[in-house]
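Undergrad: Before anything else, here's the structure in question.
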Amino acid sequence: MDGVTSVTPFFIAATDETPSMTEEARINIFSMQSAMIDCENKLKWRITYMWAIKTTGLTKRYKNLTAVDVLSLEIRQGELFALLGVNGAGKTTAVKMLSCLTKPSEGDAEVGGYSILKNPEQVKRLIGVSPQETAVAPNLSVEENLQLICGVHGFNREKTETKIRELTSQFSLESVLKRKAGKLSGGWQRRVSIAMALISEPEILFLDEPTLGLDVIARHDLWEAIRDLKGRVTIILTTHYMEEAEVLSDRIGIMKSGKLLAAGTAEELKEKAGTADFEKAFVSIVKEGEV
Ligand SMILES: Nc1ncnc2c1ncn2[C@@H]1O[C@H](COP(=O)(O)OP(=O)(O)O)[C@@H](O)[C@H]1O
Ligand SMILES: [Mg+2]
């Protein structure tokens, strides 16, 4: 990378500082220079873009409380990454910073290659968020909720209809489309909230505690819907359910007191803790983090 970046100034210097050069040589150098810049940009894009999310020293303080404490996370493109931690671990605060809803006290993060501090508008264009407190408008029908978000994104009537048809089929919303969102069960409201987050066709989707408070059937149904999204979009899912992290995710990050204690596949974390049981591995890693 350094090799590439250092070559470009050489070409710029060569064109500027050699006035006796023939026109042909000047054109050749100019085209080589353009090719180098193009190559450099592509390389930079590839290198940063391998990571859907890369944080550096991400920290959030509320007065005396440090909610997120120098968090270093690397999430690959296309991955389903679970942030696992007990209540108060800092999961929601981390998601809020990564989705530009709140500013870090220190540190930064690149989301889809853009800095949350310097390019929040570009970041917002790439992401979808289904927040912990569901975002459905209770007095509108499910269809009206979806229409509302299509309107926010400036979709015309045709695109709105197509999008609603697609999402209705993807999330099996046919039976609830005309019902008031506020009257639906928690599981259905979550499905609608995730469908709403997908309207903008995000590259990166944040699901903050998507199954919190759901009964076991609704939870399993939602897992199916989330599994269907895997591979199509990078997903960051927060949860305090160990089973959920284990069955859904490609990799898991264990958070405690705003810190990332460990990250890896469920298998790697079990190996690290020296146990075949994921719950035991979680307890062991969290306890070790207390020392
Ligand atoms: N707006 C806020 N003001 C003050 N403290 C907050 C605020 N938001 C979160 N916290 C505190 O930060 C810590 C982490 O909270 P949170 O990110 O919601 O954790 P989690 O989502 O893992 O349950 C908690 O101690 C919580 O009380
Ligand atoms: Mg939370």
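Residue numbering restarts at 1 for every chain of the structure tokens, chains are lettered A, B, ... in their displayed order, and ligands are numbered from 1 as they appear.
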Could I get the residues of chain A with an atom no further than 12 Å from an atom of ligand 1, each paired with its nearest atom pair and that distance in Å to one decimal, using only C-alpha atoms and all ligand atoms, sorted by chain and residue number, as CSV?

TA:
residue,atom,partner,partner_atom_place_in_ligand_line,distance
A:Thr59,CA,ligand 1,12 (O),11.2
A:Lys60,CA,ligand 1,12 (O),8.4
A:Arg61,CA,ligand 1,12 (O),8.0
A:Tyr62,CA,ligand 1,4 (C),5.0
A:Lys63,CA,ligand 1,4 (C),7.5
A:Asn64,CA,ligand 1,5 (N),9.1
A:Leu65,CA,ligand 1,12 (O),6.8
A:Thr66,CA,ligand 1,12 (O),6.8
A:Ala67,CA,ligand 1,12 (O),4.0
A:Val68,CA,ligand 1,14 (C),7.0
A:Asp69,CA,ligand 1,14 (C),10.1
A:Leu83,CA,ligand 1,22 (O),8.8
A:Leu84,CA,ligand 1,22 (O),8.1
A:Gly85,CA,ligand 1,22 (O),6.0
A:Val86,CA,ligand 1,22 (O),6.1
A:Asn87,CA,ligand 1,23 (O),3.6
A:Gly88,CA,ligand 1,19 (O),3.5
A:Ala89,CA,ligand 1,22 (O),3.7
A:Gly90,CA,ligand 1,17 (O),3.3
A:Lys91,CA,ligand 1,22 (O),3.7
A:Thr92,CA,ligand 1,21 (O),3.6
A:Thr93,CA,ligand 1,17 (O),3.7
A:Ala94,CA,ligand 1,17 (O),6.4
A:Val95,CA,ligand 1,17 (O),8.0
A:Lys96,CA,ligand 1,17 (O),8.3
A:Met97,CA,ligand 1,17 (O),10.0
A:Leu101,CA,ligand 1,1 (N),11.2
A:Thr102,CA,ligand 1,1 (N),9.2
A:Lys103,CA,ligand 1,1 (N),11.4
A:Pro131,CA,ligand 1,21 (O),10.5
A:Gln132,CA,ligand 1,21 (O),8.2
A:Glu133,CA,ligand 1,21 (O),11.0
A:Leu207,CA,ligand 1,21 (O),11.5
A:Asp208,CA,ligand 1,21 (O),7.9
A:Glu209,CA,ligand 1,21 (O),8.1
A:Pro210,CA,ligand 1,21 (O),11.8
A:Leu212,CA,ligand 1,23 (O),11.0
A:Leu237,CA,ligand 1,21 (O),11.2
A:Thr238,CA,ligand 1,21 (O),7.8
A:Thr239,CA,ligand 1,22 (O),8.2
A:His240,CA,ligand 1,22 (O),8.1
A:Tyr241,CA,ligand 1,22 (O),11.8
A:Ile254,CA,ligand 1,22 (O),10.5
A:Met255,CA,ligand 1,22 (O),7.8
A:Lys256,CA,ligand 1,22 (O),8.0
A:Ser257,CA,ligand 1,14 (C),7.4
A:Gly258,CA,ligand 1,14 (C),6.9
A:Lys259,CA,ligand 1,22 (O),10.5
A:Leu260,CA,ligand 1,22 (O),11.5

Undergrad: With only C-alpha atoms as the counted atoms, please give the residues lying no more than 12 Å from Leu229 (chain A), apart from itself and same-chain residues fewer than 5 positions off, as JSON, numbers by chain.

TA: {"A": [78, 79, 80, 167, 170, 171, 194, 195, 198, 201, 202, 203, 204, 205, 207, 222, 223, 224, 234, 235, 236, 248, 249]}

Undergrad: Would you return as a ChimeraX atom specification the members of region 23-202 of chain A that DSSP assigns to helix (DSSP H, G or I) on this structure's backbone?

TA: /A:23-49,91-98,120-126,142-152,157-170,174-176,181-183,186-198

Undergrad: In region 97-154 of chain A, what's strand (DSSP E or B) per DSSP? Answer as a count of residues only?

TA: 13

Undergrad: Please identify all polymer residues within 6 Å of Ile75 (chain A), counting only C-alpha atoms, omitting same-chain residues fewer than 4 positions from it, and present them as a PDB file with C-alpha atoms, in the first residue's frame.

TA:
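Result file follows (result-v6.pdb):
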ATOM      1  CA  TRP A  51     -13.962  -4.673   6.434  1.00  0.00           C
ATOM      2  CA  ALA A  52     -17.598  -3.634   6.536  1.00  0.00           C
ATOM      3  CA  ILE A  53     -16.779  -2.172   9.933  1.00  0.00           C
TER       4      ILE A  53
END

Undergrad: Of the residues A:Phe30, A:Val111, A:Gln189, A:Thr211, which is the one nearest to ligand 2, using only C-alpha atoms and all ligand atoms?

TA: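 Among the listed residues, the smallest separation from ligand 2 belongs to A:Thr211.
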
Undergrad: Please list as a PyMOL selection string every residue within 7 Å of Leu140 (chain A), counting only C-alpha atoms and excluding residues in the same chain fewer than 5 positions away.

TA: chain A and resi 145+180-181

Undergrad: Rounded to one decimal, what separation in Å do you get between CA of Leu58 (chain A) and CA of Lys280 (chain A)?

TA: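 Between these atoms lies a distance of 28.3 Å.
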
Undergrad: Report, in Å with one decimal, the straight-line distance from CA of His153 (chain A) to CA of Ala197 (chain A).

TA: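 Between CA of His153 (chain A) and CA of Ala197 (chain A) the gap works out to 11.5 Å.
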
Undergrad: List the neighbours of Gly182 (chain A) out to 10 Å using only C-alpha atoms; skip same-chain residues closer than 3 positions along the sequence, and give me the result as a list in words.

TA: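 Everything that qualifies: Val136, Ala137, Pro138, Asn139, Leu140, Ser141, Val142, Arg179, Ser185, Gly186, Trp188 and Gln189 of chain A.
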
Undergrad: Go ahead and save the residues from that selection, with N, CA and C atoms, as a compact mmCIF listing (two decimals), in the first residue's frame.

TA:
# COMPACT_ATOMS: atom_id res chain seq x y z
N VAL A 136 -41.69 0.97 14.66
CA VAL A 136 -42.93 1.05 13.89
C VAL A 136 -43.85 2.14 14.45
N ALA A 137 -44.58 2.81 13.54
CA ALA A 137 -45.57 3.80 13.99
C ALA A 137 -46.83 3.02 14.37
N PRO A 138 -47.22 3.03 15.67
CA PRO A 138 -48.27 2.11 16.13
C PRO A 138 -49.64 2.36 15.52
N ASN A 139 -49.94 3.61 15.16
CA ASN A 139 -51.28 3.92 14.65
C ASN A 139 -51.44 3.73 13.14
N LEU A 140 -50.32 3.41 12.48
CA LEU A 140 -50.40 3.15 11.04
C LEU A 140 -50.44 1.65 10.79
N SER A 141 -51.04 1.28 9.67
CA SER A 141 -51.03 -0.15 9.31
C SER A 141 -49.60 -0.52 8.90
N VAL A 142 -49.37 -1.83 8.79
CA VAL A 142 -48.05 -2.31 8.37
C VAL A 142 -47.72 -1.74 6.99
N ARG A 179 -53.23 -4.52 8.98
CA ARG A 179 -53.50 -4.35 10.43
C ARG A 179 -52.64 -3.24 11.02
N SER A 185 -48.26 -8.54 17.67
CA SER A 185 -47.39 -9.11 18.71
C SER A 185 -45.96 -8.58 18.50
N GLY A 186 -45.13 -8.75 19.53
CA GLY A 186 -43.74 -8.29 19.46
C GLY A 186 -42.99 -8.88 18.29
N TRP A 188 -44.18 -9.96 15.36
CA TRP A 188 -44.60 -9.35 14.10
C TRP A 188 -44.06 -7.93 13.97
N GLN A 189 -44.09 -7.19 15.08
CA GLN A 189 -43.56 -5.81 15.03
C GLN A 189 -42.08 -5.82 14.65

Undergrad: Quick one: pull the distance between CA of Thr265 (chain A) and CA of Ala245 (chain A), Å, one decimal.

TA: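 Separating CA of Thr265 (chain A) from CA of Ala245 (chain A) is a distance of 9.8 Å.
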
Undergrad: Please provide as a PyMOL selection string all residues within 12 Å of region 272-277 of chain A, with the sequence filter that same-chain residues fewer than 6 positions apart are discarded (counting only C-alpha atoms).

TA: chain A and resi 242-243+246+261-266+283-289

Undergrad: Compare A:Ser200, A:Thr134, A:Thr160, A:Gln147 by their minimum atom-to-atom distance to ligand 2, counting only C-alpha atoms and all ligand atoms, and give me the closest one.

TA: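 Answer, going by the shortest atom-to-atom distance: A:Thr134.
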
Undergrad: Set the distance at 12 Å and use only C-alpha atoms: which residues neighbour Glu121 (chain A) once local chain neighbours fewer than 4 positions away are removed? I'd like the list as an MDAnalysis selection string.

TA: chainID A and resid 99:101 111:112 114:117 125:127
